[in-house]
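Visitor: File name start-v6.pdb; file contents PDB, C-alpha atoms; full text below.
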```pdb
ATOM      1  CA  MET A1499      15.797  17.730 -63.307
ATOM      2  CA  THR A1500      14.631  16.362 -66.671
ATOM      3  CA  THR A1501      14.453  18.926 -69.461
ATOM      4  CA  ILE A1502      12.309  18.026 -72.446
ATOM      5  CA  THR A1503      12.254  19.589 -75.896
ATOM      6  CA  LEU A1504       9.151  19.555 -78.094
ATOM      7  CA  GLN A1505       8.649  20.632 -81.672
ATOM      8  CA  ALA A1506       5.401  22.097 -82.916
ATOM      9  CA  ILE A1507       3.789  19.763 -85.468
ATOM     10  CA  GLY A1508       1.487  22.534 -86.702
ATOM     11  CA  VAL A1509      -0.418  25.688 -85.830
ATOM     12  CA  LEU A1510      -4.037  26.719 -85.220
ATOM     13  CA  HIS A1511      -5.795  29.347 -87.316
ATOM     14  CA  CYS A1512      -9.061  30.772 -85.921
ATOM     15  CA  ALA A1513     -10.961  33.952 -85.122
ATOM     16  CA  LEU A1514     -10.241  33.880 -81.365
ATOM     17  CA  LYS A1515      -7.692  36.672 -80.915
ATOM     18  CA  GLU A1516      -7.822  37.421 -77.199
ATOM     19  CA  ARG A1517      -8.696  35.629 -73.970
ATOM     20  CA  LYS A1518     -11.768  37.789 -73.311
ATOM     21  CA  GLY A1519     -14.720  36.030 -74.922
ATOM     22  CA  THR A1520     -12.797  32.823 -75.615
ATOM     23  CA  PRO A1521     -14.669  29.782 -74.244
ATOM     24  CA  LYS A1522     -13.065  28.323 -71.130
ATOM     25  CA  ASN A1523     -13.410  24.767 -72.386
ATOM     26  CA  TYR A1524     -13.950  22.928 -75.638
ATOM     27  CA  ASP A1525     -17.226  21.428 -74.429
ATOM     28  CA  GLU A1526     -18.654  24.955 -74.185
ATOM     29  CA  SER A1527     -17.536  26.010 -77.662
ATOM     30  CA  VAL A1528     -18.918  25.903 -81.210
ATOM     31  CA  HIS A1529     -16.023  27.948 -82.617
ATOM     32  CA  GLU A1530     -14.484  26.620 -85.803
ATOM     33  CA  GLY A1531     -11.022  26.985 -87.272
ATOM     34  CA  THR A1532      -8.271  25.125 -89.094
ATOM     35  CA  ILE A1533      -5.235  23.203 -87.930
ATOM     36  CA  GLU A1534      -2.311  23.430 -90.349
ATOM     37  CA  ILE A1535       0.048  20.465 -89.974
ATOM     38  CA  TYR A1536       3.612  21.111 -91.139
ATOM     39  CA  PRO A1537       4.519  19.118 -94.281
ATOM     40  CA  ARG A1538       7.069  16.785 -92.644
ATOM     41  CA  PHE A1539       4.356  15.377 -90.340
ATOM     42  CA  ILE A1540       1.619  14.754 -92.958
ATOM     43  CA  ALA A1541       2.103  10.957 -92.964
ATOM     44  CA  GLY A1542       0.915  10.933 -89.343
ATOM     45  CA  LEU A1543      -2.560  12.126 -90.393
ATOM     46  CA  GLU A1544      -3.462   9.005 -92.413
ATOM     47  CA  GLY A1545      -6.582   7.445 -90.895
ATOM     48  CA  ILE A1546      -8.204  10.668 -89.642
ATOM     49  CA  HIS A1547     -11.560  11.222 -91.304
ATOM     50  CA  LYS A1548     -14.350  13.788 -91.445
ATOM     51  CA  GLY A1549     -16.699  13.192 -88.505
ATOM     52  CA  ASP A1550     -13.988  11.849 -86.160
ATOM     53  CA  THR A1551     -13.442  13.345 -82.721
ATOM     54  CA  ILE A1552      -9.752  13.947 -82.137
ATOM     55  CA  VAL A1553      -7.814  14.864 -79.008
ATOM     56  CA  VAL A1554      -5.519  17.802 -79.779
ATOM     57  CA  LEU A1555      -2.691  18.971 -77.537
ATOM     58  CA  PHE A1556      -1.840  22.661 -77.828
ATOM     59  CA  TRP A1557       1.142  24.561 -76.430
ATOM     60  CA  LEU A1558      -0.355  27.653 -74.762
ATOM     61  CA  ASP A1559       2.499  29.973 -75.648
ATOM     62  CA  ARG A1560       0.957  33.030 -73.970
ATOM     63  CA  ALA A1561       0.199  31.403 -70.578
ATOM     64  CA  ASP A1562       2.001  32.335 -67.354
ATOM     65  CA  ARG A1563       4.253  29.434 -66.268
ATOM     66  CA  ALA A1564       5.237  30.783 -62.840
ATOM     67  CA  VAL A1565       1.823  30.805 -61.132
ATOM     68  CA  LEU A1566       0.883  27.724 -59.036
ATOM     69  CA  ARG A1567      -2.400  28.893 -57.440
ATOM     70  CA  VAL A1568      -5.422  30.465 -59.187
ATOM     71  CA  HIS A1569      -9.070  31.349 -58.675
ATOM     72  CA  PRO A1570     -10.935  28.490 -60.424
ATOM     73  CA  ARG A1571     -12.246  29.704 -63.814
ATOM     74  CA  GLY A1572     -10.967  33.187 -62.911
ATOM     75  CA  ASP A1573     -13.870  33.567 -60.468
ATOM     76  CA  GLN A1574     -12.577  35.912 -57.737
ATOM     77  CA  SER A1575     -15.368  34.776 -55.394
ATOM     78  CA  LYS A1576     -13.835  31.289 -55.229
ATOM     79  CA  PRO A1577     -10.725  30.834 -53.092
ATOM     80  CA  LYS A1578      -7.448  30.224 -54.875
ATOM     81  CA  ARG A1579      -6.258  26.659 -55.206
ATOM     82  CA  GLY A1580      -3.519  24.677 -56.910
ATOM     83  CA  VAL A1581      -3.418  24.809 -60.714
ATOM     84  CA  PHE A1582      -3.154  20.999 -60.897
ATOM     85  CA  SER A1583      -6.675  20.758 -59.406
ATOM     86  CA  THR A1584      -8.073  23.010 -62.190
ATOM     87  CA  ARG A1585      -8.197  23.285 -66.002
ATOM     88  CA  SER A1586      -6.578  26.749 -65.925
ATOM     89  CA  PRO A1587      -4.246  27.509 -68.869
ATOM     90  CA  VAL A1588      -1.812  28.840 -66.260
ATOM     91  CA  ARG A1589       0.593  26.052 -65.158
ATOM     92  CA  PRO A1590       4.307  25.140 -65.280
ATOM     93  CA  ASN A1591       3.916  23.311 -68.629
ATOM     94  CA  PRO A1592       0.919  25.004 -70.276
ATOM     95  CA  ILE A1593      -0.459  22.216 -72.461
ATOM     96  CA  ALA A1594      -4.174  22.207 -73.341
ATOM     97  CA  VAL A1595      -6.057  18.999 -74.116
ATOM     98  CA  SER A1596      -9.079  19.649 -76.392
ATOM     99  CA  GLU A1597     -11.561  17.269 -77.991
ATOM    100  CA  LEU A1598     -12.448  18.599 -81.423
ATOM    101  CA  LEU A1599     -14.801  17.449 -84.185
ATOM    102  CA  VAL A1600     -13.182  17.041 -87.600
ATOM    103  CA  LEU A1601     -15.382  18.905 -90.119
ATOM    104  CA  ASP A1602     -13.086  18.240 -93.051
ATOM    105  CA  ILE A1603      -9.540  17.154 -93.855
ATOM    106  CA  LYS A1604      -7.673  18.092 -97.013
ATOM    107  CA  ASP A1605      -3.967  17.344 -97.354
ATOM    108  CA  ASN A1606      -2.364  18.977 -94.278
ATOM    109  CA  ILE A1607      -5.377  21.125 -93.263
ATOM    110  CA  LEU A1608      -7.920  19.927 -90.686
ATOM    111  CA  SER A1609     -11.120  21.962 -90.267
ATOM    112  CA  VAL A1610     -12.339  21.557 -86.684
ATOM    113  CA  ARG A1611     -15.129  22.617 -84.334
ATOM    114  CA  GLY A1612     -15.046  23.150 -80.546
ATOM    115  CA  LEU A1613     -12.166  25.602 -80.148
ATOM    116  CA  ASP A1614     -11.273  27.134 -76.791
ATOM    117  CA  ILE A1615      -7.787  28.129 -77.979
ATOM    118  CA  LEU A1616      -6.333  31.391 -79.331
ATOM    119  CA  ASP A1617      -5.363  31.966 -82.959
ATOM    120  CA  ASN A1618      -1.782  31.082 -83.866
ATOM    121  CA  THR A1619      -1.285  28.620 -80.979
ATOM    122  CA  PRO A1620       1.230  25.826 -81.705
ATOM    123  CA  VAL A1621      -0.140  22.267 -82.013
ATOM    124  CA  ILE A1622       2.075  19.585 -80.417
ATOM    125  CA  ASP A1623       0.079  16.346 -80.787
ATOM    126  CA  ILE A1624      -3.107  14.757 -82.143
ATOM    127  CA  LYS A1625      -4.594  11.485 -80.845
ATOM    128  CA  ASN A1626      -7.582   9.302 -81.568
ATOM    129  CA  LYS A1627     -10.280   9.796 -78.955
ATOM    130  CA  ILE A1628     -11.061   6.064 -79.132
ATOM    131  CA  TYR A1629      -8.560   3.922 -77.241
ATOM    132  CA  SER A1630      -9.510   0.506 -78.573
ATOM    133  CA  ASP A1631      -9.538   1.453 -82.245
TER
ATOM    134  CA  MET B 350       9.760  26.200 -86.328
ATOM    135  CA  THR B 351       8.701  26.692 -82.715
ATOM    136  CA  THR B 352      10.861  24.881 -80.166
ATOM    137  CA  ILE B 353       9.329  24.362 -76.745
ATOM    138  CA  THR B 354      11.039  23.460 -73.488
ATOM    139  CA  LEU B 355       9.236  21.582 -70.697
ATOM    140  CA  GLN B 356      10.340  20.732 -67.204
ATOM    141  CA  ALA B 357       9.241  17.570 -65.429
ATOM    142  CA  ILE B 358       7.056  18.425 -62.415
ATOM    143  CA  GLY B 359       7.526  14.944 -60.965
ATOM    144  CA  VAL B 360       8.084  11.276 -61.681
ATOM    145  CA  LEU B 361       6.060   8.047 -61.621
ATOM    146  CA  HIS B 362       6.983   5.085 -59.422
ATOM    147  CA  CYS B 363       5.310   1.754 -60.228
ATOM    148  CA  ALA B 364       5.917  -1.944 -60.871
ATOM    149  CA  LEU B 365       5.604  -1.716 -64.682
ATOM    150  CA  LYS B 366       9.208  -2.111 -65.848
ATOM    151  CA  GLU B 367       8.840  -3.058 -69.511
ATOM    152  CA  ARG B 368       6.360  -2.591 -72.334
ATOM    153  CA  LYS B 369       5.469  -6.292 -72.504
ATOM    154  CA  GLY B 370       2.504  -6.827 -70.186
ATOM    155  CA  THR B 371       1.899  -3.096 -69.663
ATOM    156  CA  PRO B 372      -1.747  -2.214 -70.374
ATOM    157  CA  LYS B 373      -2.220  -0.307 -73.620
ATOM    158  CA  ASN B 374      -4.600   2.179 -72.040
ATOM    159  CA  TYR B 375      -5.557   3.445 -68.611
ATOM    160  CA  ASP B 376      -9.150   2.278 -69.012
ATOM    161  CA  GLU B 377      -7.866  -1.316 -69.238
ATOM    162  CA  SER B 378      -5.652  -1.070 -66.154
ATOM    163  CA  VAL B 379      -5.969  -1.605 -62.405
ATOM    164  CA  HIS B 380      -2.233  -1.082 -61.795
ATOM    165  CA  GLU B 381      -1.365   1.179 -58.895
ATOM    166  CA  GLY B 382       1.667   3.359 -58.211
ATOM    167  CA  THR B 383       2.763   6.705 -56.828
ATOM    168  CA  ILE B 384       3.413  10.057 -58.449
ATOM    169  CA  GLU B 385       6.151  12.026 -56.705
ATOM    170  CA  ILE B 386       5.783  15.764 -57.326
ATOM    171  CA  TYR B 387       8.996  17.771 -56.979
ATOM    172  CA  PRO B 388       8.977  20.091 -53.928
ATOM    173  CA  ARG B 389       8.892  23.399 -55.854
ATOM    174  CA  PHE B 390       5.543  22.446 -57.442
ATOM    175  CA  ILE B 391       3.720  21.284 -54.281
ATOM    176  CA  ALA B 392       1.532  24.417 -54.055
ATOM    177  CA  GLY B 393      -0.092  23.349 -57.343
ATOM    178  CA  LEU B 394      -1.577  20.231 -55.696
ATOM    179  CA  GLU B 395      -3.873  22.097 -53.299
ATOM    180  CA  GLY B 396      -7.446  21.046 -54.026
ATOM    181  CA  ILE B 397      -6.723  17.488 -55.175
ATOM    182  CA  HIS B 398      -8.430  14.961 -52.898
ATOM    183  CA  LYS B 399      -8.666  11.220 -52.398
ATOM    184  CA  GLY B 400     -11.355   9.850 -54.733
ATOM    185  CA  ASP B 401     -10.788  12.476 -57.457
ATOM    186  CA  THR B 402     -10.128  11.464 -61.047
ATOM    187  CA  ILE B 403      -7.202  13.433 -62.426
ATOM    188  CA  VAL B 404      -5.839  13.801 -65.949
ATOM    189  CA  VAL B 405      -2.084  13.220 -65.904
ATOM    190  CA  LEU B 406       0.264  14.068 -68.765
ATOM    191  CA  PHE B 407       3.405  11.925 -68.946
ATOM    192  CA  TRP B 408       6.522  12.387 -71.061
ATOM    193  CA  LEU B 409       7.160   8.969 -72.649
ATOM    194  CA  ASP B 410      10.939   9.231 -72.548
ATOM    195  CA  ARG B 411      11.536   5.799 -74.112
ATOM    196  CA  ALA B 412       9.220   6.242 -77.138
ATOM    197  CA  ASP B 413      10.456   6.493 -80.727
ATOM    198  CA  ARG B 414       9.909  10.054 -82.008
ATOM    199  CA  ALA B 415      10.807   9.434 -85.664
ATOM    200  CA  VAL B 416       8.026   7.003 -86.637
ATOM    201  CA  LEU B 417       4.875   8.488 -88.240
ATOM    202  CA  ARG B 418       2.973   5.304 -89.220
ATOM    203  CA  VAL B 419       2.230   2.266 -87.020
ATOM    204  CA  HIS B 420       0.115  -0.872 -86.841
ATOM    205  CA  PRO B 421      -2.779   0.143 -84.523
ATOM    206  CA  ARG B 422      -2.213  -1.353 -81.053
ATOM    207  CA  GLY B 423       0.856  -3.151 -82.447
ATOM    208  CA  ASP B 424      -1.449  -5.568 -84.284
ATOM    209  CA  GLN B 425       0.469  -6.652 -87.402
ATOM    210  CA  SER B 426      -2.760  -7.880 -89.033
ATOM    211  CA  LYS B 427      -4.040  -4.282 -89.218
ATOM    212  CA  PRO B 428      -2.576  -2.037 -91.893
ATOM    213  CA  LYS B 429      -0.261   0.742 -90.775
ATOM    214  CA  ARG B 430      -1.729   4.190 -90.422
ATOM    215  CA  GLY B 431      -0.751   7.628 -89.169
ATOM    216  CA  VAL B 432       0.192   7.916 -85.496
ATOM    217  CA  PHE B 433      -2.123  10.921 -85.064
ATOM    218  CA  SER B 434      -5.111   8.629 -85.770
ATOM    219  CA  THR B 435      -4.035   6.246 -82.958
ATOM    220  CA  ARG B 436      -3.153   6.275 -79.241
ATOM    221  CA  SER B 437       0.299   4.786 -79.911
ATOM    222  CA  PRO B 438       3.078   6.017 -77.594
ATOM    223  CA  VAL B 439       5.171   6.442 -80.745
ATOM    224  CA  ARG B 440       4.789  10.022 -82.089
ATOM    225  CA  PRO B 441       6.877  13.192 -82.653
ATOM    226  CA  ASN B 442       6.065  14.543 -79.162
ATOM    227  CA  PRO B 443       5.379  11.418 -77.075
ATOM    228  CA  ILE B 444       2.979  12.741 -74.431
ATOM    229  CA  ALA B 445       0.501  10.338 -72.806
ATOM    230  CA  VAL B 446      -2.829  11.530 -71.413
ATOM    231  CA  SER B 447      -4.100   9.204 -68.632
ATOM    232  CA  GLU B 448      -7.128   9.434 -66.369
ATOM    233  CA  LEU B 449      -6.175   8.128 -62.932
ATOM    234  CA  LEU B 450      -8.059   7.617 -59.677
ATOM    235  CA  VAL B 451      -6.465   9.284 -56.639
ATOM    236  CA  LEU B 452      -6.276   6.637 -53.875
ATOM    237  CA  ASP B 453      -4.448   8.899 -51.439
ATOM    238  CA  ILE B 454      -2.486  12.137 -51.286
ATOM    239  CA  LYS B 455       0.129  12.947 -48.660
ATOM    240  CA  ASP B 456       2.351  16.006 -49.051
ATOM    241  CA  ASN B 457       3.963  15.600 -52.498
ATOM    242  CA  ILE B 458       3.033  11.929 -53.055
ATOM    243  CA  LEU B 459      -0.121  10.905 -54.936
ATOM    244  CA  SER B 460      -1.142   7.238 -54.854
ATOM    245  CA  VAL B 461      -3.024   6.433 -58.066
ATOM    246  CA  ARG B 462      -4.788   3.596 -59.883
ATOM    247  CA  GLY B 463      -5.167   2.964 -63.622
ATOM    248  CA  LEU B 464      -1.549   3.030 -64.805
ATOM    249  CA  ASP B 465      -0.584   2.226 -68.395
ATOM    250  CA  ILE B 466       2.821   3.907 -68.033
ATOM    251  CA  LEU B 467       6.317   2.562 -67.272
ATOM    252  CA  ASP B 468       8.149   3.088 -63.978
ATOM    253  CA  ASN B 469      10.300   6.200 -63.755
ATOM    254  CA  THR B 470       8.415   8.118 -66.480
ATOM    255  CA  PRO B 471       8.495  11.936 -66.056
ATOM    256  CA  VAL B 472       5.209  13.681 -65.195
ATOM    257  CA  ILE B 473       4.669  17.015 -66.975
ATOM    258  CA  ASP B 474       1.165  18.117 -65.953
ATOM    259  CA  ILE B 475      -1.902  17.278 -63.848
ATOM    260  CA  LYS B 476      -5.417  18.590 -64.552
ATOM    261  CA  ASN B 477      -8.859  18.268 -63.053
ATOM    262  CA  LYS B 478     -11.000  15.896 -65.105
ATOM    263  CA  ILE B 479     -14.000  18.163 -64.480
ATOM    264  CA  TYR B 480     -14.050  21.253 -66.679
ATOM    265  CA  SER B 481     -16.702  23.246 -64.905
ATOM    266  CA  ASP B 482     -15.344  22.828 -61.382
TER
END
```
Mind turning this structure into structure tokens?

Guide:
Amino acid sequence: MTTITLQAIGVLHCALKERKGTPKNYDESVHEGTIEIYPRFIAGLEGIHKGDTIVVLFWLDRADRAVLRVHPRGDQSKPKRGVFSTRSPVRPNPIAVSELLVLDIKDNILSVRGLDILDNTPVIDIKNKIYSD
Amino acid sequence: MTTITLQAIGVLHCALKERKGTPKNYDESVHEGTIEIYPRFIAGLEGIHKGDTIVVLFWLDRADRAVLRVHPRGDQSKPKRGVFSTRSPVRPNPIAVSELLVLDIKDNILSVRGLDILDNTPVIDIKNKIYSD
């Protein structure tokens, strides 16, 4: 079976310290924070501007990787179903895909809005939201 | 620096064998193919139905991981810029995020439409497109 090795390109800094109270999705969040990109990756940021919406992939380092069935949105009244039919953070490869608004960018620090991710979570990729750009 | 290990949950089978002629994005593609999920992850598929749109994360195993600046969409007339401001497959952690239509699902085989990904590419995650579901 294929084994794949990733390297964090940066890390998130924000006020969200525990799952309780953290928005379940970025489109329900107005939380702000900063993404620190590690110096060796700075050249990759050229072309990102204030006001852009970016797609950020996070590695959810505190998520359970062994569970394959969950109650959707943690709602015990809903029957369990497969994690691949949900947006649960729990999954074999716990990668979150968030769309965030860039409030500011200065050197290797991106200020962003829309966080549904815990403080100190590794960042593994950033993409343009626009495909045709 | 954080090092992260992923395991493929499955693999893509399709007719796209080389980059030339492969659509640059899923929203420009009507190509069809099948995603084979490995048996140990089958329980995670429960709840995915024909007609659903799913978000599939692929590991682009043939992409260059060392390049940080590219011509957007390979267009040499456009100045190079940082990979994180593009959708280029070239990036430090080459993960593609595609939205695909489920044409059929039978046991561990998903038939899908909208492929912009080469044959035999590892699949690392599947999510519901709908956040509130």

Visitor: Check which residues of chain B sit at most 7 Å from chain A using only C-alpha atoms, and return one row each with the closest pair of atoms and their distance in Å to one decimal, ordered by chain and rising number, as a Markdown table.

Guide:
```
| residue | atom | partner | partner_atom | distance |
| --- | --- | --- | --- | --- |
| B:Met350 | CA | A:Ala1506 | CA | 6.9 |
| B:Thr351 | CA | A:Ala1506 | CA | 5.7 |
| B:Thr352 | CA | A:Gln1505 | CA | 5.0 |
| B:Ile353 | CA | A:Leu1504 | CA | 5.0 |
| B:Thr354 | CA | A:Thr1503 | CA | 4.7 |
| B:Leu355 | CA | A:Ile1502 | CA | 5.0 |
| B:Gln356 | CA | A:Thr1501 | CA | 5.0 |
| B:Ala357 | CA | A:Thr1500 | CA | 5.7 |
| B:Asn374 | CA | A:Tyr1629 | CA | 6.8 |
| B:Ala392 | CA | A:Gly1580 | CA | 5.8 |
| B:Gly393 | CA | A:Gly1580 | CA | 3.7 |
| B:Leu394 | CA | A:Gly1580 | CA | 5.0 |
| B:Glu395 | CA | A:Gly1580 | CA | 4.5 |
| B:Gly396 | CA | A:Ser1583 | CA | 5.4 |
| B:Ile397 | CA | A:Ser1583 | CA | 5.3 |
| B:Leu417 | CA | A:Gly1542 | CA | 4.8 |
| B:Arg418 | CA | A:Gly1542 | CA | 6.0 |
| B:Arg430 | CA | A:Glu1544 | CA | 5.5 |
| B:Gly431 | CA | A:Gly1542 | CA | 3.7 |
| B:Val432 | CA | A:Gly1542 | CA | 4.9 |
| B:Phe433 | CA | A:Ile1624 | CA | 4.9 |
| B:Ser434 | CA | A:Asn1626 | CA | 4.9 |
| B:Thr435 | CA | A:Asn1626 | CA | 4.9 |
| B:Arg436 | CA | A:Lys1625 | CA | 5.6 |
| B:Asn442 | CA | A:Leu1504 | CA | 6.0 |
| B:Ile473 | CA | A:Asn1591 | CA | 6.6 |
| B:Asp474 | CA | A:Asn1591 | CA | 6.5 |
| B:Ile475 | CA | A:Phe1582 | CA | 4.9 |
| B:Lys476 | CA | A:Phe1582 | CA | 4.9 |
| B:Asn477 | CA | A:Thr1584 | CA | 4.9 |
| B:Tyr480 | CA | A:Arg1585 | CA | 6.2 |
```

Visitor: Would you mind reading off the distance between atom CA of Val461 of chain B and atom CA of Ile386 of chain B, one decimal, in Å?

Guide: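 Atom-to-atom, atom CA of Val461 of chain B to atom CA of Ile386 of chain B, that is 12.9 Å.
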
Visitor: Would you write out, as an MDAnalysis selection string, every residue that the PyMOL selection byres ((chain B and resi 365) around 9) captures in this file?

Guide: chainID B and resid 362:364 366:368 370:371 380 464:468

Visitor: All in-order C-alpha pairs, least squares, chain B moved onto chain A. Output the fitted coordinates as a short mmCIF file (atom, residue, chain, number, x, y, z; two decimals) with C-alpha atoms, in the frame of the given file, please.

Guide:
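Printed below is out-v4.cif as written:
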```
data_model
loop_
_atom_site.label_atom_id
_atom_site.label_comp_id
_atom_site.auth_asym_id
_atom_site.auth_seq_id
_atom_site.Cartn_x
_atom_site.Cartn_y
_atom_site.Cartn_z
CA MET B 350 15.81 17.72 -63.32
CA THR B 351 14.64 16.36 -66.67
CA THR B 352 14.45 18.94 -69.46
CA ILE B 353 12.31 18.03 -72.44
CA THR B 354 12.26 19.58 -75.89
CA LEU B 355 9.15 19.54 -78.10
CA GLN B 356 8.65 20.63 -81.66
CA ALA B 357 5.39 22.09 -82.91
CA ILE B 358 3.78 19.76 -85.47
CA GLY B 359 1.49 22.54 -86.71
CA VAL B 360 -0.41 25.68 -85.83
CA LEU B 361 -4.03 26.71 -85.21
CA HIS B 362 -5.80 29.35 -87.31
CA CYS B 363 -9.05 30.76 -85.92
CA ALA B 364 -10.96 33.95 -85.12
CA LEU B 365 -10.24 33.88 -81.35
CA LYS B 366 -7.69 36.67 -80.92
CA GLU B 367 -7.83 37.42 -77.20
CA ARG B 368 -8.72 35.64 -73.98
CA LYS B 369 -11.79 37.80 -73.33
CA GLY B 370 -14.75 36.03 -74.94
CA THR B 371 -12.79 32.83 -75.62
CA PRO B 372 -14.67 29.79 -74.25
CA LYS B 373 -13.07 28.33 -71.14
CA ASN B 374 -13.44 24.77 -72.39
CA TYR B 375 -13.98 22.92 -75.64
CA ASP B 376 -17.25 21.42 -74.42
CA GLU B 377 -18.68 24.95 -74.18
CA SER B 378 -17.57 26.00 -77.66
CA VAL B 379 -18.92 25.89 -81.21
CA HIS B 380 -16.02 27.95 -82.61
CA GLU B 381 -14.49 26.62 -85.80
CA GLY B 382 -11.00 26.98 -87.26
CA THR B 383 -8.27 25.12 -89.11
CA ILE B 384 -5.23 23.21 -87.93
CA GLU B 385 -2.32 23.44 -90.35
CA ILE B 386 0.04 20.48 -89.96
CA TYR B 387 3.61 21.11 -91.12
CA PRO B 388 4.52 19.13 -94.28
CA ARG B 389 7.06 16.78 -92.65
CA PHE B 390 4.36 15.38 -90.34
CA ILE B 391 1.63 14.77 -92.95
CA ALA B 392 2.11 10.97 -92.97
CA GLY B 393 0.91 10.94 -89.35
CA LEU B 394 -2.57 12.12 -90.40
CA GLU B 395 -3.46 9.02 -92.42
CA GLY B 396 -6.57 7.47 -90.89
CA ILE B 397 -8.19 10.68 -89.63
CA HIS B 398 -11.57 11.23 -91.30
CA LYS B 399 -14.34 13.80 -91.44
CA GLY B 400 -16.70 13.20 -88.50
CA ASP B 401 -13.98 11.85 -86.17
CA THR B 402 -13.45 13.33 -82.72
CA ILE B 403 -9.76 13.94 -82.14
CA VAL B 404 -7.81 14.86 -79.01
CA VAL B 405 -5.52 17.79 -79.78
CA LEU B 406 -2.69 18.96 -77.54
CA PHE B 407 -1.83 22.66 -77.83
CA TRP B 408 1.14 24.56 -76.45
CA LEU B 409 -0.36 27.65 -74.76
CA ASP B 410 2.50 29.97 -75.65
CA ARG B 411 0.95 33.03 -73.97
CA ALA B 412 0.21 31.40 -70.58
CA ASP B 413 2.00 32.33 -67.36
CA ARG B 414 4.25 29.43 -66.28
CA ALA B 415 5.23 30.78 -62.85
CA VAL B 416 1.82 30.80 -61.13
CA LEU B 417 0.88 27.72 -59.04
CA ARG B 418 -2.40 28.89 -57.44
CA VAL B 419 -5.41 30.46 -59.19
CA HIS B 420 -9.06 31.36 -58.68
CA PRO B 421 -10.93 28.49 -60.43
CA ARG B 422 -12.23 29.70 -63.81
CA GLY B 423 -10.95 33.19 -62.94
CA ASP B 424 -13.84 33.59 -60.48
CA GLN B 425 -12.55 35.92 -57.74
CA SER B 426 -15.35 34.80 -55.39
CA LYS B 427 -13.82 31.30 -55.24
CA PRO B 428 -10.73 30.83 -53.11
CA LYS B 429 -7.44 30.23 -54.89
CA ARG B 430 -6.26 26.67 -55.21
CA GLY B 431 -3.53 24.68 -56.91
CA VAL B 432 -3.41 24.80 -60.71
CA PHE B 433 -3.15 21.00 -60.90
CA SER B 434 -6.68 20.75 -59.41
CA THR B 435 -8.07 23.01 -62.19
CA ARG B 436 -8.19 23.28 -65.99
CA SER B 437 -6.57 26.74 -65.93
CA PRO B 438 -4.24 27.50 -68.86
CA VAL B 439 -1.81 28.84 -66.25
CA ARG B 440 0.58 26.04 -65.15
CA PRO B 441 4.31 25.13 -65.28
CA ASN B 442 3.91 23.31 -68.62
CA PRO B 443 0.91 25.00 -70.27
CA ILE B 444 -0.47 22.21 -72.46
CA ALA B 445 -4.18 22.20 -73.35
CA VAL B 446 -6.05 18.98 -74.12
CA SER B 447 -9.09 19.63 -76.38
CA GLU B 448 -11.56 17.26 -77.99
CA LEU B 449 -12.46 18.59 -81.43
CA LEU B 450 -14.82 17.45 -84.18
CA VAL B 451 -13.19 17.04 -87.60
CA LEU B 452 -15.39 18.90 -90.13
CA ASP B 453 -13.07 18.25 -93.06
CA ILE B 454 -9.53 17.16 -93.87
CA LYS B 455 -7.66 18.09 -97.03
CA ASP B 456 -3.95 17.34 -97.35
CA ASN B 457 -2.36 19.00 -94.29
CA ILE B 458 -5.36 21.14 -93.26
CA LEU B 459 -7.92 19.94 -90.69
CA SER B 460 -11.11 21.96 -90.27
CA VAL B 461 -12.34 21.56 -86.69
CA ARG B 462 -15.12 22.63 -84.33
CA GLY B 463 -15.04 23.14 -80.55
CA LEU B 464 -12.17 25.60 -80.15
CA ASP B 465 -11.28 27.13 -76.78
CA ILE B 466 -7.79 28.13 -77.96
CA LEU B 467 -6.35 31.40 -79.32
CA ASP B 468 -5.36 31.97 -82.95
CA ASN B 469 -1.79 31.08 -83.86
CA THR B 470 -1.30 28.62 -80.96
CA PRO B 471 1.22 25.82 -81.70
CA VAL B 472 -0.14 22.26 -82.00
CA ILE B 473 2.06 19.58 -80.42
CA ASP B 474 0.08 16.34 -80.79
CA ILE B 475 -3.10 14.74 -82.15
CA LYS B 476 -4.60 11.48 -80.84
CA ASN B 477 -7.59 9.30 -81.57
CA LYS B 478 -10.28 9.79 -78.94
CA ILE B 479 -11.04 6.06 -79.12
CA TYR B 480 -8.56 3.92 -77.21
CA SER B 481 -9.49 0.53 -78.55
CA ASP B 482 -9.52 1.46 -82.24
#
```

Visitor: Quick one, how far is atom CA of Lys1548 of chain A from atom CA of Ser1527 of chain A?

Guide: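 So the answer is 18.7 Å.
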
Visitor: On this structure, the PyMOL selection byres ((chain B and resi 450) around 8) would catch which residues? List them as a PyMOL selection string, sorted by chain and number.

Guide: chain B and resi 400-403+448-449+451-452+461-463

Visitor: May I ask for the distance between atom CA of Ser1609 of chain A and atom CA of Leu409 of chain B, given in Å to one decimal place?

Guide: 28.5 Å

Visitor: Mind checking which residues fall within 8 Å of Ile1607 of chain A, counting all atoms listed in the file, ignoring those fewer than 4 positions away in the same chain, and posting them as JSON, numbers by chain?

Guide: {"A": [1532, 1533, 1534, 1535, 1603]}

Visitor: Write out the residues from the selection above, keeping C-alpha atoms, as a PDB file, in the coordinates of the input.

Guide:
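This went into result_11.pdb:
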```pdb
ATOM      1  CA  THR A1532      -8.271  25.125 -89.094  1.00  0.00           C
ATOM      2  CA  ILE A1533      -5.235  23.203 -87.930  1.00  0.00           C
ATOM      3  CA  GLU A1534      -2.311  23.430 -90.349  1.00  0.00           C
ATOM      4  CA  ILE A1535       0.048  20.465 -89.974  1.00  0.00           C
ATOM      5  CA  ILE A1603      -9.540  17.154 -93.855  1.00  0.00           C
TER       6      ILE A1603
END
```

Visitor: For segment 409-426 of chain B, I'd like the enclosing box, axis-aligned and padded by 3 Å on every side, reported as AutoDock Vina command-line options with centre and edge lengths in Å to one decimal.

Guide:
```
--center_x 4.4 --center_y 1.1 --center_z -80.9 --size_x 20.3 --size_y 23.9 --size_z 22.7
```

Visitor: Which one of A:Leu1608, A:Glu1530, A:Leu1510, A:Gly1572 sits closest to Val1588 of chain A if you count all atoms listed in the file?

Guide: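 The shortest atom-to-atom distance to Val1588 of chain A comes from A:Gly1572.
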